[in-house]
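J.: Structure incoming, see below.
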Amino acid sequence: MRHPIKHRLAWSIAGILTTAALVAAASPGQTAFEHRRDVMKQLGANFYLGVGRVVKGRAAYGPDTVTAAEALVDLTAALDTLFPPGSDVPDSKMKRQLLADPAKSAALAAAVRADATALLPVVRGGDKAAIAASYKSLSDSCEACHSQFRQEE
């Protein structure tokens with residue numbers, strides 16, 4: 001039996017609305033992932049380019065180095081909010097174990113925050129050897145979390 005055009009149109013609209021609802025339901029996790037990816041890119045740029053180049057002798061120490069260290073402190077303050085349930089979308093490199101062990105991930109995030117906070121006054125002081133040591137400590141804290149909760153590339 002053929003459905004009148006009104007019924008086919010109603011079913012088409014219902015299908016579109018159902019699809020839109022499913023996409024909307026997935027959006028918060030995707031949005032959280034995209035936000036996390038953006039914050040992590042900013043962290044990487046400030047860490048590797050802003051401070052790391054100075055540590056490796058590829059850039060001169062200056063006000064931009066301090067600005068990068070300040071940005072690291074600000075960005076790491078948000079670490080606990082970057083991994084909500086549902087943000088382990090297919091494009092994410094996040095291991096699901098991160099969500100299963102919130103105490104461990106919180107402790108690792110706290111270590112990163114503490115090391116970023118400790119790096120700032122050292123960078124402000126301008127002693128390259130001290131900056132390198134503090135930079136290494138922060139790098140090790142980042143790696144501790146990545147090695148446990150980030151999938152290989």
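Ordered as shown in the structure tokens, chains take letters A, B, and onward, while each chain numbers its residues from 1 and ligands are numbered from 1 in the order shown.
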Identify, on the basis of only C-alpha atoms, every residue whose closest approach to segment 150-152 of chain A does not exceed 7 Å; exclude the query and any residue fewer than 3 positions from it along the same chain; express the result as a PyMOL selection string.
T.: chain A and resi 93-95+146-147
J.: Generate a file of the selected residues that holds C-alpha atoms, formatted as a PDB file, in the first residue's frame.
T.:
ATOM      1  CA  LYS A  93      43.827   9.264  21.597  1.00  0.00           C
ATOM      2  CA  MET A  94      42.508   8.993  25.148  1.00  0.00           C
ATOM      3  CA  LYS A  95      42.533   5.508  26.656  1.00  0.00           C
ATOM      4  CA  HIS A 146      50.480  10.307  28.422  1.00  0.00           C
ATOM      5  CA  SER A 147      52.178   6.943  28.828  1.00  0.00           C
TER       6      SER A 147
END
J.: Mind checking which residues fall within 10 Å of Asp140 of chain A, counting only C-alpha atoms, ignoring those fewer than 6 positions away in the same chain, and posting them as an MDAnalysis selection string?
T.: chainID A and resid 111:112 115 134 146
J.: For Asp127 of chain A, which residue out of A:Gly44, A:Pro84, A:Gly62, A:Gly50 is the nearest one, using only C-alpha atoms?
T.: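 Between A:Gly44, A:Pro84, A:Gly62, A:Gly50, the residue approaching Asp127 of chain A most closely is A:Gly62.
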J.: Given the choices A:Cys145, A:Ala109, A:Ile131, A:Leu75, which gets closest to Gln97 of chain A if the distance is worked out from only C-alpha atoms?
T.: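 Among A:Cys145, A:Ala109, A:Ile131, A:Leu75, it is A:Cys145 that comes nearest to Gln97 of chain A.
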J.: Could you please write out, as an NGL selection string, every residue of segment 71-145 of chain A that DSSP assigns to alpha helix (DSSP H)?
T.: :A and (71-76 or 97-100 or 102-125 or 128-145)
J.: Applying 9 Å and only C-alpha atoms, which residues near Ala116 of chain A remain after dropping the ones on its own chain fewer than 5 positions away? List them as an NGL selection string.
T.: :A and (69-70 or 72-73 or 76 or 111 or 134-135 or 137-138)
J.: Output N, CA and C atoms of each residue in that selection to a file, as an mmCIF file, in the first residue's frame.
T.:
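Listing of out19.cif after writing:
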data_model
loop_
_atom_site.group_PDB
_atom_site.id
_atom_site.type_symbol
_atom_site.label_atom_id
_atom_site.label_comp_id
_atom_site.auth_asym_id
_atom_site.auth_seq_id
_atom_site.Cartn_x
_atom_site.Cartn_y
_atom_site.Cartn_z
ATOM 1 N N ALA A 69 55.456 30.491 29.957
ATOM 2 C CA ALA A 69 55.374 29.804 31.251
ATOM 3 C C ALA A 69 54.101 30.201 31.991
ATOM 4 N N GLU A 70 53.717 31.466 31.899
ATOM 5 C CA GLU A 70 52.460 31.908 32.519
ATOM 6 C C GLU A 70 51.264 31.202 31.868
ATOM 7 N N LEU A 72 51.288 28.282 30.520
ATOM 8 C CA LEU A 72 51.289 26.893 30.978
ATOM 9 C C LEU A 72 50.543 26.751 32.305
ATOM 10 N N VAL A 73 50.791 27.676 33.206
ATOM 11 C CA VAL A 73 50.101 27.633 34.507
ATOM 12 C C VAL A 73 48.597 27.774 34.297
ATOM 13 N N THR A 76 47.143 24.539 32.470
ATOM 14 C CA THR A 76 47.116 23.315 33.281
ATOM 15 C C THR A 76 46.062 23.394 34.383
ATOM 16 N N ALA A 111 50.086 16.671 39.505
ATOM 17 C CA ALA A 111 51.549 16.730 39.352
ATOM 18 C C ALA A 111 51.937 17.651 38.205
ATOM 19 N N SER A 134 63.714 22.365 35.651
ATOM 20 C CA SER A 134 62.287 22.469 35.933
ATOM 21 C C SER A 134 61.469 22.043 34.705
ATOM 22 N N TYR A 135 61.968 22.371 33.536
ATOM 23 C CA TYR A 135 61.329 21.958 32.280
ATOM 24 C C TYR A 135 61.299 20.438 32.196
ATOM 25 N N SER A 137 61.328 18.320 34.648
ATOM 26 C CA SER A 137 60.368 17.815 35.636
ATOM 27 C C SER A 137 58.938 17.881 35.087
ATOM 28 N N LEU A 138 58.591 19.004 34.460
ATOM 29 C CA LEU A 138 57.258 19.137 33.876
ATOM 30 C C LEU A 138 57.088 18.156 32.718
#
J.: Excluding same-chain residues fewer than 4 positions from His35 of chain A, what lies within 10 Å of it counting only C-alpha atoms, as a list of chain:residue names?
T.: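 Answer for this query is A:Gly29, A:Gln30, A:Thr31, A:Val39, A:Met40, A:Lys41, A:Leu82, A:Phe83, A:Ser87.
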J.: Separation of atom CA of Ala129 of chain A and atom CA of Arg53 of chain A, in Å?
T.: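 Spanning atom CA of Ala129 of chain A to atom CA of Arg53 of chain A is a straight-line distance of 13.4 Å.
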J.: What does the distance between atom CA of Val51 of chain A and atom CA of Ala130 of chain A come to in Å, to one decimal place?
T.: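 Taking atom CA of Val51 of chain A as the start and atom CA of Ala130 of chain A as the end point, the length is 12.2 Å.
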